[in-house]
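Asks: Quick one: the structure is below, and I'll ask about it shortly.
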Amino acid sequence: MTFTTVKVSSRFKKSIGRQIDSSRKGRQDWIGIPFCLPYIIVFLFGTIIPLFYALYLGLFKQQMIGGSSFVGLANYVKALGDTLMWTSYGRVFLYFWIQTPLMLILSLVAALMLDSQRIRHIVIPRILLFLPYAVPGVIAAMMWGYIYGDDYGLVGQLFHVFGVQAPNLFSGRLMLFAIANIATWGFMGYNMLICYSSLRVIPEELYESARIDGASEFRIAWSIKIPQIRDSLMMMLLFSLIGSFQLFNEPSILKTLAPETINSSYTPNIYTYNLAFTSQDANYAAAVSLVVGVITMVLVGIVKSIGDREGK
C-alpha cells in the first residue's frame with residue numbers, strides 16, 4: 001500500500017514537473033518577442049508597407065484627362081523594355097566591378113596589417129581608417145568634388161605644379177572611377193573593421209602550429225586567416241553589391257559639377273527619382289523601382305548561392 005502510494009506520488013510529481021517545464025519553455029519562446037518588436041515595427045512600416053504601396057501604384061497610370069486609371073501590368077512591362085533603365089543598370093554593374101574588388105582588397109590588407117601585431121598603438125591607425133565612414137556621403141561627395149577640380153582643386157593644382165594638364169575626372173571616361181574612389185574612401189574603414197573583428201576571434205593555436213611547421217606570415221595570412229573569415233568577406237561582397245546598385249548620393253552631388261556627364265538616368269535610383277519628382281510620373285517610377293529591386297535581389301541570391309556552393 002505504501003509502495004503504491006509512493007509510486008503514484010512519484011509519477012504525479014514527474015507529470016507536474018513536465019507541465020512546469022513545458023510552461024517555462026513556452027514563456028521562454030515568447031520572451032524574445034518584445035525585444036524584436038521595435039525592429040518588426042520599423043521593418044513593417046519602413047519596408048513591407050511601402051513595398052506593397054509601390055506595387056499598388058505601379059498598377060495605375062495618371063492621366064491629364066480622367067485622372068488615375070487602372071492599367072494592370074502595363075507599367076511593369078514598359079519598365080522591362082525601358083532602354084534608359086537597362087543602360088543605367090549596366091552602368092552601375094560596371095561600377096560594381098570597378099569599386100568592389102578595390103575596396104575589398106584594401107580593406108582586407110588593412111585588417112591583416114592591423115592583426116599582424118607589428119603595429120604599435122594600433123588604436124590610432126584603426127580610428128584613422130574608420131574615420132571617413134563617419135563623414136556623411138553627401139559631405140564626402142562635395143569634398144571630393146572640390147578635390148577633383150582641374151583648375152582650383154587639389155588634383156588640378158598638383159598637376160599645374162609640374163606643368164602638366166590635369167585629367168578631367170568629370171569626363172564620361174573617368175567619372176565611374178572618380179565615384180568609386182569616393183565610395184572606397186568612405187567605406188573601406190567599415191569593411192576593414194568587419195575583417196579585423198573576424199580575425200581577432202581566430203584561435204591563436206592555429207598560428208602557433210603553422211609557425212612551428214615553418215610557415216611564413218604571408219603563408220599564414222593566405223592559408224589560415226583569409227579562409228577563416230570567408231563568411232565575413234562574402235557578407236562584405238553582398239553589401240557592396242547592394243550598395244552599388246543603390247548608387248545615388250555621389251552622382252547626385254557631382255551632377256552639378258558635371259551635368260554633361262551625369263544625366264537624369266545615370267543610375268537606376270537617379271532615374272527613378274527623376275521620374276517621380278521631375279517628370280511627375282509616380283506610377284511608372286514605382287514600377288521601375290520594383291523592377292530594379294527584384295533584379296538586385298535576384299543578383300544577390302545568385303552571388304549568395306555561388307558563394308555557399310564554393311564554400312562547401
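Going by the C-alpha cells order, chains are called A, B, ..., each with residues numbered from 1, while ligands are numbered from 1 in the order shown.
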Can you tell me, as a PyMOL selection string, what residues are no more than 12 Å from Glu204 (chain A) when counting only C-alpha atoms, ignoring any on the same chain fewer than 4 positions away?
Replies: chain A and resi 115-116+199-200+208-211+220+224-225
Asks: Sort by chain and increasing residue number a table of all residues of region 83-106 of chain A within 10 Å of region 289-296 of chain A, each with its closest pair of atoms and their distance in Å to one decimal, counting only C-alpha atoms, and write it as a Markdown table.
Replies:
| residue | atom | partner | partner_atom | distance |
| --- | --- | --- | --- | --- |
| A:Met85 | CA | A:Val292 | CA | 8.4 |
| A:Trp86 | CA | A:Val292 | CA | 9.3 |
| A:Tyr89 | CA | A:Val292 | CA | 8.2 |
Asks: May I have the selected residues written with C-alpha atoms, as a short mmCIF file (atom, residue, chain, number, x, y, z; two decimals), in the first residue's frame?
Replies:
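What landed in selection_31.cif:
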data_model
loop_
_atom_site.label_atom_id
_atom_site.label_comp_id
_atom_site.auth_asym_id
_atom_site.auth_seq_id
_atom_site.Cartn_x
_atom_site.Cartn_y
_atom_site.Cartn_z
CA MET A 85 16.69 51.78 -67.17
CA TRP A 86 18.83 48.98 -68.62
CA TYR A 89 21.73 49.31 -64.69
#
Asks: Give me the residues near Ile182 (chain A) as a compact mmCIF listing (two decimals) with N, CA, C and O atoms, in the first residue's frame, where near means some atom within 9 Å (using only C-alpha atoms) and where sequence neighbours in that chain fewer than 2 positions away do not count.
Replies:
# COMPACT_ATOMS: atom_id res chain seq x y z
N GLY A 137 27.82 60.76 -46.66
CA GLY A 137 28.11 60.58 -48.07
C GLY A 137 28.00 61.86 -48.88
O GLY A 137 28.80 62.09 -49.81
N ALA A 140 31.08 63.93 -48.19
CA ALA A 140 32.24 63.32 -48.85
C ALA A 140 32.24 63.62 -50.34
O ALA A 140 33.29 63.92 -50.93
N ALA A 141 31.07 63.53 -50.97
CA ALA A 141 30.99 63.82 -52.40
C ALA A 141 31.31 65.27 -52.70
O ALA A 141 32.01 65.58 -53.69
N TRP A 144 35.22 65.69 -52.22
CA TRP A 144 35.98 65.12 -53.31
C TRP A 144 35.69 65.83 -54.63
O TRP A 144 36.54 65.88 -55.52
N PHE A 177 35.29 55.96 -62.14
CA PHE A 177 36.47 55.79 -61.29
C PHE A 177 36.48 56.84 -60.18
O PHE A 177 36.87 56.55 -59.04
N ALA A 178 36.07 58.06 -60.51
CA ALA A 178 36.02 59.12 -59.50
C ALA A 178 35.00 58.79 -58.42
O ALA A 178 35.26 58.97 -57.22
N ILE A 179 33.83 58.30 -58.82
CA ILE A 179 32.81 57.93 -57.84
C ILE A 179 33.26 56.72 -57.03
O ILE A 179 33.04 56.65 -55.81
N ALA A 180 33.91 55.76 -57.68
CA ALA A 180 34.41 54.58 -56.98
C ALA A 180 35.43 54.95 -55.92
O ALA A 180 35.47 54.36 -54.83
N THR A 184 35.06 54.10 -52.00
CA THR A 184 36.12 53.32 -51.36
C THR A 184 36.69 54.06 -50.16
O THR A 184 36.93 53.47 -49.10
N TRP A 185 36.92 55.35 -50.32
CA TRP A 185 37.43 56.17 -49.22
C TRP A 185 36.46 56.15 -48.03
O TRP A 185 36.88 56.10 -46.87
N GLY A 186 35.17 56.16 -48.31
CA GLY A 186 34.20 56.24 -47.23
C GLY A 186 33.92 54.91 -46.54
O GLY A 186 33.65 54.88 -45.33
N PHE A 187 33.97 53.81 -47.29
CA PHE A 187 33.52 52.53 -46.73
C PHE A 187 34.66 51.54 -46.46
O PHE A 187 34.40 50.47 -45.92
N GLU A 250 26.52 60.13 -54.41
CA GLU A 250 27.71 60.67 -55.06
C GLU A 250 27.41 61.25 -56.44
O GLU A 250 27.77 62.42 -56.71
Asks: For Val135 (chain A), which of A:Gly189, A:Gly149, A:Gly163, A:Gly81 is the closest residue, counting only C-alpha atoms?
Replies: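 For Val135 (chain A), the nearest of the candidates is A:Gly189.
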Asks: What parts of region 61-236 of chain A does DSSP call strand (DSSP E or B)? I'd like the answer as a tab-separated table (two decimals) with N, CA and C atoms, in the first residue's frame.
Replies:
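This is the output file out_25.tsv:
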chain	number	residue	atom	x	y	z
A	61	LYS	N	-2.12	54.44	-63.80
A	61	LYS	CA	-1.47	55.47	-64.61
A	61	LYS	C	-2.25	56.76	-64.47
A	62	GLN	N	-1.52	57.84	-64.19
A	62	GLN	CA	-2.15	59.14	-64.01
A	62	GLN	C	-2.27	59.83	-65.36
A	63	GLN	N	-3.47	60.23	-65.72
A	63	GLN	CA	-3.74	60.89	-66.98
A	63	GLN	C	-4.25	62.30	-66.74
A	67	GLY	N	-8.03	61.41	-64.81
A	67	GLY	CA	-7.37	61.07	-63.55
A	67	GLY	C	-6.64	59.74	-63.61
A	68	SER	N	-6.64	59.05	-62.50
A	68	SER	CA	-5.93	57.78	-62.40
A	68	SER	C	-6.77	56.65	-62.97
A	69	SER	N	-6.12	55.81	-63.76
A	69	SER	CA	-6.82	54.67	-64.37
A	69	SER	C	-6.00	53.41	-64.18
A	70	PHE	N	-6.69	52.30	-64.03
A	70	PHE	CA	-6.05	51.01	-63.81
A	70	PHE	C	-5.50	50.48	-65.14
Asks: May I have all residues of region 56-279 of chain A that DSSP, computed from the backbone, assigns to alpha helix (DSSP H), given as JSON, numbers by chain?
Replies: {"A": [56, 57, 74, 75, 76, 77, 78, 79, 80, 83, 84, 85, 86, 87, 88, 89, 90, 91, 92, 93, 94, 95, 96, 97, 98, 99, 100, 101, 102, 103, 104, 105, 106, 107, 108, 109, 110, 111, 112, 113, 114, 115, 123, 124, 125, 126, 127, 128, 129, 130, 137, 138, 139, 140, 141, 142, 143, 144, 145, 146, 147, 154, 155, 156, 157, 158, 159, 160, 161, 175, 176, 177, 178, 179, 180, 181, 182, 183, 184, 185, 186, 187, 188, 189, 190, 191, 192, 193, 194, 195, 196, 197, 198, 199, 200, 204, 205, 206, 207, 208, 209, 210, 211, 212, 217, 218, 219, 220, 226, 227, 228, 230, 231, 232, 233, 234, 235, 236, 237, 238, 239, 240, 241, 242, 243, 244, 245, 249, 250, 251, 252, 253, 254, 268, 269, 270, 271, 272, 273, 274, 275, 276, 277]}
Asks: Using only C-alpha atoms, which residue out of A:Ala286, A:Val303, A:Val92, A:Leu128 lies closest to Pro50 (chain A)?
Replies: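 When distances to Pro50 (chain A) are compared using only C-alpha atoms, the smallest one comes from A:Ala286.
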